[in-house]
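Below is one structure, written out as structure tokens; comments come after it.
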Number of protein chains: 2
Amino acid sequence: MEGLEQKLQDKFSFWEHLTQSQKERMIANTQEVTYPKGENVHGSKRLCTGVLLIEKGALRTYLLSDEGREVTLYRLGEGDICMLSASCILKSITFDVFVDAEEESRVLLIQSQTFLQIMNENIYAECFAYKVTADRFSDVVWAMEQILFMSFDKRLALFLLEESEKTGSLELSLTHQQIAKYLGSAREVVTRMLKYFVAEGLVELSRGGVTLLDPEGLKKLL
Amino acid sequence: MEGLEQKLQDKFSFWEHLTQSQKERMIANTQEVTYPKGENVHGSKRLCTGVLLIEKGALRTYLLSDEGREVTLYRLGEGDICMLSASCILKSITFDVFVDAEEESRVLLIQSQTFLQIMNENIYAECFAYKVTADRFSDVVWAMEQILFMSFDKRLALFLLEESEKTGSLELSLTHQQIAKYLGSAREVVTRMLKYFVAEGLVELSRGGVTLLDPEGLKKLL
């Protein structure tokens, strides 16, 4: 793969501390994978997918209950590193997450066992892995605070505004079911709140979508 | 303090990688502190308390909303290390937690700035700090799953059984308000569910307490 070493060097700050043999092993055990939109990347059948470096696209990490309820923890985009898809090699991490491709995503996938070997040999690599993990810890606590402390009207308004900003459009192609998934809520709860927003003149509903009519009004809810 | 070096050596696995000067600095900047039961240890006025090594007692870590609602994240006991009370020195940690002494607690308190200096000088110390933090990440995700996925009757039953096991008694001295705090819920919700448990013959209520009448019945709820 062209430029692979450069890519790894740019993103893995411990690269300069690796021996030549470690670098070669890491390069030899990295492959480029493309996941179609919606595909599960980690967590259903794949128990220890590997370390992911996202080159293009977006991955969503979530918890899944026994009853099939999802709670989104965070999203990763271009240039981000996903360590929890290799949680089997992190002794301190005892929980499982699911990772889906939210859009078509191209990633560099580093084999878990190779990464583990290098972590065991090299304290800088180990430290890096745990630091990236701690970044996600912060994301998860943020999500938890959103879910537990923020009232649902605020959370929904914030979500719609953020999606609108992300896509650069006031028309969002999202079903109530999808919104519920993202917010870790139930579809009925989303539908009820959206109807309230419609009544307030804040949004308009269409088949499979929500249009923001009054972004300023939504902002006032925050 | 007698035996201080031994205590630090036993609990901080990076000790052997420290230089003599680093060891001396760490010893010189560690003090023994006793917190009375109920006292806030970290988070209200103390912005960066320091790294805590618990010698005796129990600390409870929780999130606090703007409206004063608490959600318990995890508890630490004898021999545990609390890093989030020094989160100011962990760049990856961007959230704030509160820590209270749940009973009278004796801790070794290592100054944040000293620990930061040693972390900056010594990759093993840095790595250790992030690994301890990742342990807590697992605790927090566990708590989140409990709160979001488990129905409240299960959570309350589990809590009562665990408290009973911990104290070795079927009589628990806990107000509904305290139980609500521990479960990140509201007092009314706890009272309602306890009344349901009374009606089912599972527990008996007394002034400031709950007595388990049918632990086996409570276990069936799990």
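Residues are named by chain letter and number: chains run A, B, ... in the order of the structure tokens, numbers start at 1 in each chain, and ligands are numbered from 1 in the order shown.
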Compile the residues of chain A that lie within 10 Å of chain B, evaluated using only C-alpha atoms, and express the compilation as a PyMOL selection string. chain A and resi 63-71+73+90-97+123-142+144-145+147-150+184-185
Got time to write the residues from that selection, N, CA and C atoms, as a compact mmCIF listing (two decimals), in the first residue's frame?
```txt
# COMPACT_ATOMS: atom_id res chain seq x y z
N LEU A 63 -23.57 1.03 22.69
CA LEU A 63 -23.87 -0.11 23.55
C LEU A 63 -25.16 -0.74 23.06
N LEU A 64 -25.29 -2.04 23.24
CA LEU A 64 -26.50 -2.74 22.82
C LEU A 64 -27.00 -3.58 23.99
N SER A 65 -28.25 -3.37 24.36
CA SER A 65 -28.80 -4.14 25.49
C SER A 65 -29.26 -5.52 25.02
N ASP A 66 -29.53 -6.40 25.98
CA ASP A 66 -30.04 -7.73 25.65
C ASP A 66 -31.34 -7.64 24.85
N GLU A 67 -32.10 -6.58 25.12
CA GLU A 67 -33.38 -6.43 24.43
C GLU A 67 -33.23 -5.69 23.09
N GLY A 68 -31.99 -5.41 22.70
CA GLY A 68 -31.78 -4.79 21.40
C GLY A 68 -31.80 -3.28 21.41
N ARG A 69 -31.82 -2.68 22.59
CA ARG A 69 -31.81 -1.21 22.64
C ARG A 69 -30.38 -0.69 22.47
N GLU A 70 -30.25 0.34 21.65
CA GLU A 70 -28.92 0.89 21.40
C GLU A 70 -28.74 2.24 22.09
N VAL A 71 -27.55 2.49 22.58
CA VAL A 71 -27.21 3.81 23.10
C VAL A 71 -25.90 4.24 22.46
N LEU A 73 -22.54 5.98 21.94
CA LEU A 73 -21.52 6.51 22.85
C LEU A 73 -20.77 7.68 22.21
N LEU A 90 -6.79 -4.91 25.60
CA LEU A 90 -6.65 -3.93 26.69
C LEU A 90 -7.21 -4.56 27.96
N LYS A 91 -6.33 -4.96 28.86
CA LYS A 91 -6.78 -5.67 30.07
C LYS A 91 -7.75 -4.87 30.89
N SER A 92 -7.59 -3.54 30.90
CA SER A 92 -8.45 -2.71 31.76
C SER A 92 -9.86 -2.55 31.22
N ILE A 93 -10.05 -2.90 29.95
CA ILE A 93 -11.38 -2.71 29.35
C ILE A 93 -12.15 -4.02 29.38
N THR A 94 -13.21 -4.03 30.17
CA THR A 94 -13.94 -5.28 30.40
C THR A 94 -15.34 -5.25 29.79
N PHE A 95 -15.63 -4.23 29.00
CA PHE A 95 -16.96 -4.14 28.40
C PHE A 95 -16.85 -4.26 26.88
N ASP A 96 -18.00 -4.51 26.26
CA ASP A 96 -18.02 -4.65 24.81
C ASP A 96 -18.85 -3.56 24.17
N VAL A 97 -18.35 -3.03 23.10
CA VAL A 97 -19.13 -2.05 22.35
C VAL A 97 -19.38 -2.59 20.95
N ILE A 123 6.66 0.15 25.68
CA ILE A 123 5.83 0.90 26.64
C ILE A 123 5.17 2.12 25.99
N TYR A 124 5.82 2.71 24.97
CA TYR A 124 5.24 3.88 24.31
C TYR A 124 3.98 3.51 23.55
N ALA A 125 4.02 2.35 22.93
CA ALA A 125 2.83 1.88 22.20
C ALA A 125 1.71 1.57 23.18
N GLU A 126 2.06 0.96 24.31
CA GLU A 126 1.05 0.63 25.32
C GLU A 126 0.41 1.91 25.86
N CYS A 127 1.26 2.86 26.18
CA CYS A 127 0.79 4.12 26.74
C CYS A 127 -0.13 4.84 25.74
N PHE A 128 0.24 4.81 24.48
CA PHE A 128 -0.57 5.43 23.43
C PHE A 128 -1.97 4.83 23.39
N ALA A 129 -2.02 3.50 23.43
CA ALA A 129 -3.30 2.80 23.36
C ALA A 129 -4.21 3.22 24.52
N TYR A 130 -3.64 3.32 25.71
CA TYR A 130 -4.46 3.69 26.87
C TYR A 130 -4.86 5.16 26.85
N LYS A 131 -4.02 6.00 26.27
CA LYS A 131 -4.39 7.41 26.17
C LYS A 131 -5.55 7.61 25.21
N VAL A 132 -5.48 6.93 24.06
CA VAL A 132 -6.58 7.03 23.10
C VAL A 132 -7.87 6.53 23.77
N THR A 133 -7.73 5.47 24.56
CA THR A 133 -8.89 4.92 25.27
C THR A 133 -9.45 5.95 26.25
N ALA A 134 -8.57 6.67 26.94
CA ALA A 134 -9.03 7.68 27.90
C ALA A 134 -9.76 8.82 27.20
N ASP A 135 -9.35 9.15 25.96
CA ASP A 135 -10.10 10.14 25.19
C ASP A 135 -11.55 9.71 25.03
N ARG A 136 -11.73 8.44 24.74
CA ARG A 136 -13.08 7.92 24.54
C ARG A 136 -13.85 7.90 25.85
N PHE A 137 -13.15 7.69 26.95
CA PHE A 137 -13.76 7.74 28.29
C PHE A 137 -14.47 9.10 28.45
N SER A 138 -13.76 10.14 28.06
CA SER A 138 -14.35 11.48 28.15
C SER A 138 -15.59 11.59 27.27
N ASP A 139 -15.52 11.04 26.06
CA ASP A 139 -16.68 11.07 25.17
C ASP A 139 -17.87 10.35 25.80
N VAL A 140 -17.60 9.22 26.42
CA VAL A 140 -18.68 8.41 26.99
C VAL A 140 -19.34 9.12 28.18
N VAL A 141 -18.53 9.75 29.00
CA VAL A 141 -19.11 10.47 30.14
C VAL A 141 -19.95 11.64 29.63
N TRP A 142 -19.49 12.27 28.56
CA TRP A 142 -20.27 13.34 27.96
C TRP A 142 -21.63 12.81 27.52
N MET A 144 -23.16 10.20 28.55
CA MET A 144 -23.93 9.80 29.73
C MET A 144 -24.61 11.02 30.36
N GLU A 145 -23.88 12.12 30.45
CA GLU A 145 -24.46 13.33 31.01
C GLU A 145 -25.61 13.84 30.14
N ILE A 147 -27.55 12.04 28.27
CA ILE A 147 -28.69 11.15 28.39
C ILE A 147 -29.37 11.29 29.75
N LEU A 148 -28.56 11.38 30.81
CA LEU A 148 -29.14 11.34 32.15
C LEU A 148 -29.58 12.70 32.65
N PHE A 149 -28.88 13.74 32.23
CA PHE A 149 -29.15 15.04 32.85
C PHE A 149 -29.93 16.00 31.97
N MET A 150 -29.80 15.87 30.67
CA MET A 150 -30.44 16.86 29.83
C MET A 150 -31.85 16.40 29.52
N GLY A 184 -30.40 7.17 21.89
CA GLY A 184 -30.59 6.15 22.91
C GLY A 184 -31.96 6.22 23.53
N SER A 185 -32.95 6.52 22.71
CA SER A 185 -34.31 6.67 23.21
C SER A 185 -35.24 5.72 22.45
```
Using only C-alpha atoms, determine which residues lie at most 10 Å from range 75-77 of chain A, disregarding the query and same-chain residues fewer than 4 positions distant; provide the list as number ranges by chain. A: 53-62, 81-82, 99-102, 105, 136, 139
Contacts of Cys48 in chain A at 7 Å (only C-alpha atoms; same-chain gap of 3+ positions) as an mmCIF file with N, CA and C atoms, in the first residue's frame:
```
data_model
loop_
_atom_site.group_PDB
_atom_site.id
_atom_site.type_symbol
_atom_site.label_atom_id
_atom_site.label_comp_id
_atom_site.auth_asym_id
_atom_site.auth_seq_id
_atom_site.Cartn_x
_atom_site.Cartn_y
_atom_site.Cartn_z
ATOM 1 N N SER A 85 -12.348 -1.341 19.345
ATOM 2 C CA SER A 85 -12.558 -2.481 18.452
ATOM 3 C C SER A 85 -11.431 -3.501 18.624
ATOM 4 N N ALA A 86 -10.480 -3.174 19.486
ATOM 5 C CA ALA A 86 -9.419 -4.116 19.851
ATOM 6 C C ALA A 86 -9.370 -4.233 21.366
ATOM 7 N N SER A 87 -10.540 -4.125 22.007
ATOM 8 C CA SER A 87 -10.566 -4.090 23.478
ATOM 9 C C SER A 87 -10.048 -5.389 24.085
ATOM 10 N N CYS A 88 -10.070 -6.468 23.330
ATOM 11 C CA CYS A 88 -9.548 -7.744 23.846
ATOM 12 C C CYS A 88 -8.075 -7.629 24.236
ATOM 13 N N SER A 112 -5.118 -7.189 15.795
ATOM 14 C CA SER A 112 -5.048 -7.109 17.256
ATOM 15 C C SER A 112 -3.789 -7.760 17.800
#
```
At what distance in Å, to one decimal, does CA of Lys166 in chain B lie from CA of Ala180 in chain B?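 Going from CA of Ala180 in chain B over to CA of Lys166 in chain B, I get 18.2 Å.
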Name all residues at most 12 Å from Ser206 in chain B (count only C-alpha atoms; drop same-chain ones fewer than 6 positions away) and give them as a ChimeraX atom specification. /B:171-176,194-195,198,212
Save the residues we just selected, C-alpha atoms, as a short mmCIF file (atom, residue, chain, number, x, y, z; two decimals), in the first residue's frame?
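Writing the result to out.cif gives the following:
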```
data_model
loop_
_atom_site.label_atom_id
_atom_site.label_comp_id
_atom_site.auth_asym_id
_atom_site.auth_seq_id
_atom_site.Cartn_x
_atom_site.Cartn_y
_atom_site.Cartn_z
CA GLU B 171 -31.45 -4.69 58.13
CA LEU B 172 -30.19 -1.79 56.04
CA SER B 173 -29.90 1.69 57.53
CA LEU B 174 -30.64 3.64 54.39
CA THR B 175 -33.21 6.31 53.71
CA HIS B 176 -35.12 6.35 50.43
CA LEU B 194 -40.18 -0.12 47.81
CA LYS B 195 -43.92 0.02 48.49
CA VAL B 198 -43.55 -4.39 50.66
CA LEU B 212 -35.05 -7.67 53.67
#
```
Correct to one decimal, the distance CA of Tyr196 in chain B-CA of Leu221 in chain B is 12.6 Å
Residues of range 51-170 of chain A in strand (DSSP E or B), written as a ChimeraX atom specification: /A:51-56,58-64,70-77,81-82,98-101,105-110
Taking the backbone alone, and naming residues the way the document does, which bits of range 22-155 of chain A are helix (DSSP H, G or I) by DSSP, as a VMD selection string? chain A and resid 22 to 28 84 to 89 112 to 121 123 to 149 152 to 155
Store the residues of this selection in a file with N, CA and C atoms, as a compact mmCIF listing (two decimals), in the first residue's frame.
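To be explicit, this is the file written out as again.txt:
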```txt
# COMPACT_ATOMS: atom_id res chain seq x y z
N GLN A 22 9.77 -3.85 14.58
CA GLN A 22 8.39 -3.57 15.02
C GLN A 22 7.62 -2.79 13.95
N LYS A 23 8.30 -1.83 13.35
CA LYS A 23 7.66 -1.07 12.27
C LYS A 23 7.25 -1.99 11.13
N GLU A 24 8.17 -2.88 10.78
CA GLU A 24 7.90 -3.78 9.66
C GLU A 24 6.72 -4.70 9.96
N ARG A 25 6.69 -5.19 11.20
CA ARG A 25 5.60 -6.09 11.60
C ARG A 25 4.26 -5.35 11.53
N MET A 26 4.28 -4.12 12.00
CA MET A 26 3.02 -3.36 12.02
C MET A 26 2.55 -3.09 10.59
N ILE A 27 3.49 -2.73 9.72
CA ILE A 27 3.13 -2.48 8.31
C ILE A 27 2.59 -3.75 7.66
N ALA A 28 3.27 -4.86 7.92
CA ALA A 28 2.89 -6.12 7.28
C ALA A 28 1.51 -6.60 7.73
N LEU A 84 -11.30 0.63 20.87
CA LEU A 84 -12.23 -0.30 21.54
C LEU A 84 -12.62 -1.48 20.64
N SER A 85 -12.35 -1.34 19.34
CA SER A 85 -12.56 -2.48 18.45
C SER A 85 -11.43 -3.50 18.62
N ALA A 86 -10.48 -3.17 19.49
CA ALA A 86 -9.42 -4.12 19.85
C ALA A 86 -9.37 -4.23 21.37
N SER A 87 -10.54 -4.13 22.01
CA SER A 87 -10.57 -4.09 23.48
C SER A 87 -10.05 -5.39 24.09
N CYS A 88 -10.07 -6.47 23.33
CA CYS A 88 -9.55 -7.74 23.85
C CYS A 88 -8.07 -7.63 24.24
N ILE A 89 -7.37 -6.68 23.66
CA ILE A 89 -5.94 -6.56 23.99
C ILE A 89 -5.70 -5.52 25.09
N SER A 112 -5.12 -7.19 15.79
CA SER A 112 -5.05 -7.11 17.26
C SER A 112 -3.79 -7.76 17.80
N GLN A 113 -3.49 -8.95 17.35
CA GLN A 113 -2.37 -9.69 17.94
C GLN A 113 -1.04 -8.99 17.67
N THR A 114 -0.91 -8.42 16.50
CA THR A 114 0.30 -7.66 16.19
C THR A 114 0.42 -6.46 17.11
N PHE A 115 -0.69 -5.75 17.26
CA PHE A 115 -0.67 -4.55 18.11
C PHE A 115 -0.37 -4.93 19.55
N LEU A 116 -0.96 -6.03 19.99
CA LEU A 116 -0.73 -6.49 21.36
C LEU A 116 0.74 -6.81 21.58
N GLN A 117 1.32 -7.51 20.63
CA GLN A 117 2.74 -7.87 20.71
C GLN A 117 3.60 -6.61 20.85
N ILE A 118 3.31 -5.64 20.02
CA ILE A 118 4.10 -4.40 20.04
C ILE A 118 3.87 -3.64 21.35
N MET A 119 2.62 -3.65 21.83
CA MET A 119 2.33 -3.03 23.14
C MET A 119 3.12 -3.69 24.26
N ASN A 120 3.21 -5.00 24.18
CA ASN A 120 3.94 -5.74 25.23
C ASN A 120 5.44 -5.47 25.18
N GLU A 121 5.92 -5.20 23.98
CA GLU A 121 7.36 -4.98 23.82
C GLU A 121 7.74 -3.53 24.06
N ILE A 123 6.66 0.15 25.68
CA ILE A 123 5.83 0.90 26.64
C ILE A 123 5.17 2.12 25.99
N TYR A 124 5.82 2.71 24.97
CA TYR A 124 5.24 3.88 24.31
C TYR A 124 3.98 3.51 23.55
N ALA A 125 4.02 2.35 22.93
CA ALA A 125 2.83 1.88 22.20
C ALA A 125 1.71 1.57 23.18
N GLU A 126 2.06 0.96 24.31
CA GLU A 126 1.05 0.63 25.32
C GLU A 126 0.41 1.91 25.86
N CYS A 127 1.26 2.86 26.18
CA CYS A 127 0.79 4.12 26.74
C CYS A 127 -0.13 4.84 25.74
N PHE A 128 0.24 4.81 24.48
CA PHE A 128 -0.57 5.43 23.43
C PHE A 128 -1.97 4.83 23.39
N ALA A 129 -2.02 3.50 23.43
CA ALA A 129 -3.30 2.80 23.36
C ALA A 129 -4.21 3.22 24.52
N TYR A 130 -3.64 3.32 25.71
CA TYR A 130 -4.46 3.69 26.87
C TYR A 130 -4.86 5.16 26.85
N LYS A 131 -4.02 6.00 26.27
CA LYS A 131 -4.39 7.41 26.17
C LYS A 131 -5.55 7.61 25.21
N VAL A 132 -5.48 6.93 24.06
CA VAL A 132 -6.58 7.03 23.10
C VAL A 132 -7.87 6.53 23.77
N THR A 133 -7.73 5.47 24.56
CA THR A 133 -8.89 4.92 25.27
C THR A 133 -9.45 5.95 26.25
N ALA A 134 -8.57 6.67 26.94
CA ALA A 134 -9.03 7.68 27.90
C ALA A 134 -9.76 8.82 27.20
N ASP A 135 -9.35 9.15 25.96
CA ASP A 135 -10.10 10.14 25.19
C ASP A 135 -11.55 9.71 25.03
N ARG A 136 -11.73 8.44 24.74
CA ARG A 136 -13.08 7.92 24.54
C ARG A 136 -13.85 7.90 25.85
N PHE A 137 -13.15 7.69 26.95
CA PHE A 137 -13.76 7.74 28.29
C PHE A 137 -14.47 9.10 28.45
N SER A 138 -13.76 10.14 28.06
CA SER A 138 -14.35 11.48 28.15
C SER A 138 -15.59 11.59 27.27
N ASP A 139 -15.52 11.04 26.06
CA ASP A 139 -16.68 11.07 25.17
C ASP A 139 -17.87 10.35 25.80
N VAL A 140 -17.60 9.22 26.42
CA VAL A 140 -18.68 8.41 26.99
C VAL A 140 -19.34 9.12 28.18
N VAL A 141 -18.53 9.75 29.00
CA VAL A 141 -19.11 10.47 30.14
C VAL A 141 -19.95 11.64 29.63
N TRP A 142 -19.49 12.27 28.56
CA TRP A 142 -20.27 13.34 27.96
C TRP A 142 -21.63 12.81 27.52
N ALA A 143 -21.61 11.68 26.80
CA ALA A 143 -22.87 11.08 26.32
C ALA A 143 -23.77 10.73 27.50
N MET A 144 -23.16 10.20 28.55
CA MET A 144 -23.93 9.80 29.73
C MET A 144 -24.61 11.02 30.36
N GLU A 145 -23.88 12.12 30.45
CA GLU A 145 -24.46 13.33 31.01
C GLU A 145 -25.61 13.84 30.14
N GLN A 146 -25.41 13.75 28.82
CA GLN A 146 -26.48 14.16 27.90
C GLN A 146 -27.74 13.35 28.18
N ILE A 147 -27.55 12.04 28.27
CA ILE A 147 -28.69 11.15 28.39
C ILE A 147 -29.37 11.29 29.75
N LEU A 148 -28.56 11.38 30.81
CA LEU A 148 -29.14 11.34 32.15
C LEU A 148 -29.58 12.70 32.65
N PHE A 149 -28.88 13.74 32.23
CA PHE A 149 -29.15 15.04 32.85
C PHE A 149 -29.93 16.00 31.97
N PHE A 152 -35.25 15.82 27.46
CA PHE A 152 -35.26 15.29 26.12
C PHE A 152 -35.48 16.36 25.05
N ASP A 153 -36.23 17.40 25.36
CA ASP A 153 -36.45 18.44 24.34
C ASP A 153 -35.12 19.11 23.97
N LYS A 154 -34.28 19.35 25.00
CA LYS A 154 -32.97 19.94 24.73
C LYS A 154 -32.11 19.00 23.88
N ARG A 155 -32.14 17.71 24.25
CA ARG A 155 -31.28 16.75 23.54
C ARG A 155 -31.69 16.63 22.08
```
